[in-house]
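Inspection log for the structure reproduced underneath, given as structure tokens.
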Amino acid sequence: MSSPSDLLFTDSHEWVRIEGDSATIGITAHAAESLSDLVFLDLPEAGDDVTAGEGFGEIESVKAVSDLKSPVGGEVIEANTDLPDNLGDINSDPYGKGWMIKVKHTGTVDGLMDAAAYDAHVAAEG
Amino acid sequence: MASDQLRRTPLTECHEAAKARLVDFSGFLMPVQYDGILEEAQRVRTKAGLFDLCHMGRCRIVGERRLEAAQFLVHVNVHKMKQGAIRYSFFARDDGTTMDDVLVYMDSDAEEVFFCINAGNRDRDLAWMREVCARFSCELQDQSDELAMIAIQGPSSVETLNPLCDVDVGGIKYYGFVRGTVCGVPAMISRTGYTGEDGFEIYFAEAEAPRIWNAMLDSGKPHGVTPIGLAARDTLRLEAGMALYGHELDDTTNPVEAGIVVKPTKHPHDFSGRAAIDKMAEDGPERVLVGFTTESPRVPRQGYDVVSVDGTPIGKVCSGSPSPTLGTTIGTAYVVADHAAPGTLLAMDIRGKRHEIHLHALPFYKRER
């Protein structure tokens, strides 16, 4: 399965779509599939600040709680407030309806990968 | 541990071919999930599922004084166990703390007492059993590698297994076993399990494992039988109120607070930990294992603090899972004995946030018989 080529990816399986100074963030299809059976999502609110490389929220599946790491720093301009009640969207449409936050970004973390590099990273993780 | 350093079972290739997700479980590469944890759990409740349990420990005590040796290891009256009987028990230290929980199989015909023990405790259990066997001039034989173990669990278990066997498995009593054949292979067929459903755990020569596994899947296909991962197994055992070593039981717990022993022992035989366990049963434990439900979306996890309504810490969570059968989230915890009544309102603390929990009698789920 190839990841969408218009996105950049972190090694912790978040994606980011950068359009000007706006960055939309979610988790990848691979992450959604590995977590499966999602039960809880905690997102920041519009107006909160996020720091590149640090946690912006939590996602919980039946088996584990995982931190969501932000690929960018900046101010949250919108959070997908419908998503915590529709966690299935993360599995069925991770790059569309499964988006989590939009950030007015001031910089990204180092080492973001393009789709080809990310797919290789996933393959190497097994 | 890298996956190439993990131990494989005779069925690992079958799980890989079925595209199961494989993880490190007690040093073994095991299938944690096939299609979906909650879906798999529901399938076992409504149809049946197949489990690879080859990672568990299997061993037997042989020798003239095997009953004495076995008796020193477990709290049940081994001397009164009849041919074909199985009992649930534990290995305890002198101070009553638990080293493992186990199943004991009485096979007088084969002149052995057989044990099924947990994967994570295999090495230390075997060392302890060897030490005890030496005191009674018996031999402990580790059969973990030579025998495979698979389980079929769920309402369609009898229909799935029967066509493959030379005995009527529907006639085996719960917590009883017989020796027979499965696909022509000599097997010990045990009406036990770890899901709260009817079902069987079968033991046979490990080389036959893939053939029998596939034959059971074929036989079960019309009944909706599929392989089930360890994650769903954990949800099922929790619904059924069964302890998991490392969660409800560990090196610090004892069988009285865990609810396995409720009264001082009546039989005349000594066993390791008896004095301490009997005393605690007499005095009553300070903390007890309880079940609880919660409406919180958060899953209770081992180690979360349990607090009273005024915020005082009074215990710790052992296990938790969404329960597809109950339609709510469930968990177990140790709490101080005076806050342990079913119905008590308490809270679990997750990173400083309190989530209400309601204590619930164990088990959460009991099948209709």
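Labels used: A, B, ... for chains in the order of the structure tokens, numbers from 1 for residues in each chain, and numbers from 1 for ligands as shown.
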
Chain A contacts to chain B at 7 Å (only C-alpha atoms) as a ChimeraX atom specification: /A:37,39-40,62

Within 10 Å of segment 107-120 of chain A using only C-alpha atoms, minus same-chain residues under 3 positions, as number ranges by chain: A: 1-11, 13-16, 18, 21, 23, 28, 30, 51-54, 70-74, 104, 123-126

Resulting file, chosen residues, N, CA and C atoms, as a short mmCIF file (atom, residue, chain, number, x, y, z; two decimals), in the first residue's frame:
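As written to disk, out04.cif reads:
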```
data_model
loop_
_atom_site.label_atom_id
_atom_site.label_comp_id
_atom_site.auth_asym_id
_atom_site.auth_seq_id
_atom_site.Cartn_x
_atom_site.Cartn_y
_atom_site.Cartn_z
N MET A 1 0.85 -1.20 0.00
CA MET A 1 0.00 0.00 0.00
C MET A 1 0.89 1.24 0.00
N SER A 2 0.67 2.16 -0.96
CA SER A 2 1.49 3.38 -0.97
C SER A 2 0.76 4.50 -0.25
N SER A 3 1.53 5.32 0.43
CA SER A 3 0.96 6.46 1.13
C SER A 3 0.78 7.61 0.13
N PRO A 4 -0.16 8.53 0.41
CA PRO A 4 -0.41 9.65 -0.51
C PRO A 4 0.85 10.51 -0.71
N SER A 5 1.11 10.88 -1.99
CA SER A 5 2.39 11.53 -2.30
C SER A 5 2.37 13.02 -1.98
N ASP A 6 1.19 13.58 -1.63
CA ASP A 6 1.17 15.01 -1.31
C ASP A 6 1.40 15.27 0.18
N LEU A 7 1.75 14.23 0.94
CA LEU A 7 1.91 14.38 2.38
C LEU A 7 3.35 14.12 2.79
N LEU A 8 3.69 14.63 3.99
CA LEU A 8 4.97 14.27 4.62
C LEU A 8 4.66 13.46 5.87
N PHE A 9 5.66 12.69 6.34
CA PHE A 9 5.40 11.71 7.40
C PHE A 9 6.48 11.74 8.48
N THR A 10 6.08 11.41 9.71
CA THR A 10 7.05 11.27 10.80
C THR A 10 7.38 9.79 10.98
N ASP A 11 8.48 9.51 11.69
CA ASP A 11 8.80 8.10 11.94
C ASP A 11 7.85 7.51 12.98
N HIS A 13 4.63 7.83 12.66
CA HIS A 13 3.43 7.51 11.90
C HIS A 13 2.33 8.58 11.92
N GLU A 14 2.74 9.85 12.07
CA GLU A 14 1.80 10.93 11.79
C GLU A 14 2.04 11.42 10.37
N TRP A 15 0.98 11.98 9.75
CA TRP A 15 1.15 12.63 8.46
C TRP A 15 0.86 14.12 8.60
N VAL A 16 1.43 14.92 7.70
CA VAL A 16 1.14 16.35 7.69
C VAL A 16 0.99 16.81 6.25
N ILE A 18 1.09 20.18 4.22
CA ILE A 18 1.49 21.58 4.38
C ILE A 18 1.03 22.37 3.16
N ASP A 21 1.14 28.38 5.21
CA ASP A 21 1.50 28.26 6.63
C ASP A 21 0.50 27.39 7.38
N ALA A 23 -0.92 23.67 8.33
CA ALA A 23 -0.50 22.27 8.36
C ALA A 23 -1.64 21.43 8.93
N THR A 28 -1.27 7.87 10.07
CA THR A 28 -1.25 7.17 8.78
C THR A 28 -2.15 5.92 8.81
N HIS A 30 -1.20 3.04 8.14
CA HIS A 30 -0.46 1.99 8.83
C HIS A 30 -0.66 2.08 10.34
N THR A 51 4.03 21.97 19.96
CA THR A 51 5.47 22.09 19.75
C THR A 51 5.92 20.97 18.81
N ALA A 52 6.74 21.33 17.83
CA ALA A 52 7.22 20.34 16.88
C ALA A 52 7.94 19.22 17.62
N GLY A 53 7.56 17.98 17.36
CA GLY A 53 8.23 16.83 17.95
C GLY A 53 7.67 16.42 19.30
N GLU A 54 6.72 17.23 19.83
CA GLU A 54 6.15 16.87 21.13
C GLU A 54 4.69 16.45 21.01
N SER A 70 3.43 15.93 17.28
CA SER A 70 3.18 16.93 16.25
C SER A 70 4.40 17.08 15.32
N PRO A 71 4.17 16.98 14.01
CA PRO A 71 5.27 17.19 13.06
C PRO A 71 5.65 18.66 12.94
N VAL A 72 4.78 19.56 13.45
CA VAL A 72 5.04 20.99 13.31
C VAL A 72 4.80 21.69 14.64
N GLY A 73 5.34 22.92 14.74
CA GLY A 73 5.02 23.77 15.89
C GLY A 73 4.11 24.89 15.43
N GLY A 74 3.34 25.45 16.38
CA GLY A 74 2.49 26.58 16.03
C GLY A 74 1.20 26.56 16.81
N LYS A 104 -1.47 26.59 12.39
CA LYS A 104 -0.76 27.67 11.69
C LYS A 104 0.70 27.49 12.08
N ALA A 123 8.01 -0.62 5.85
CA ALA A 123 8.43 -1.96 5.42
C ALA A 123 9.58 -2.46 6.29
N ALA A 124 10.50 -1.54 6.65
CA ALA A 124 11.66 -1.93 7.45
C ALA A 124 11.26 -2.27 8.89
N GLU A 125 10.21 -1.59 9.40
CA GLU A 125 9.75 -1.90 10.77
C GLU A 125 9.09 -3.26 10.83
N GLY A 126 8.70 -3.77 9.66
CA GLY A 126 8.04 -5.08 9.63
C GLY A 126 6.63 -4.93 10.07
#
```

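Interatomic distance, atom CA of Ala92 of chain B to atom CA of Val178 of chain B: 28.3 Å.
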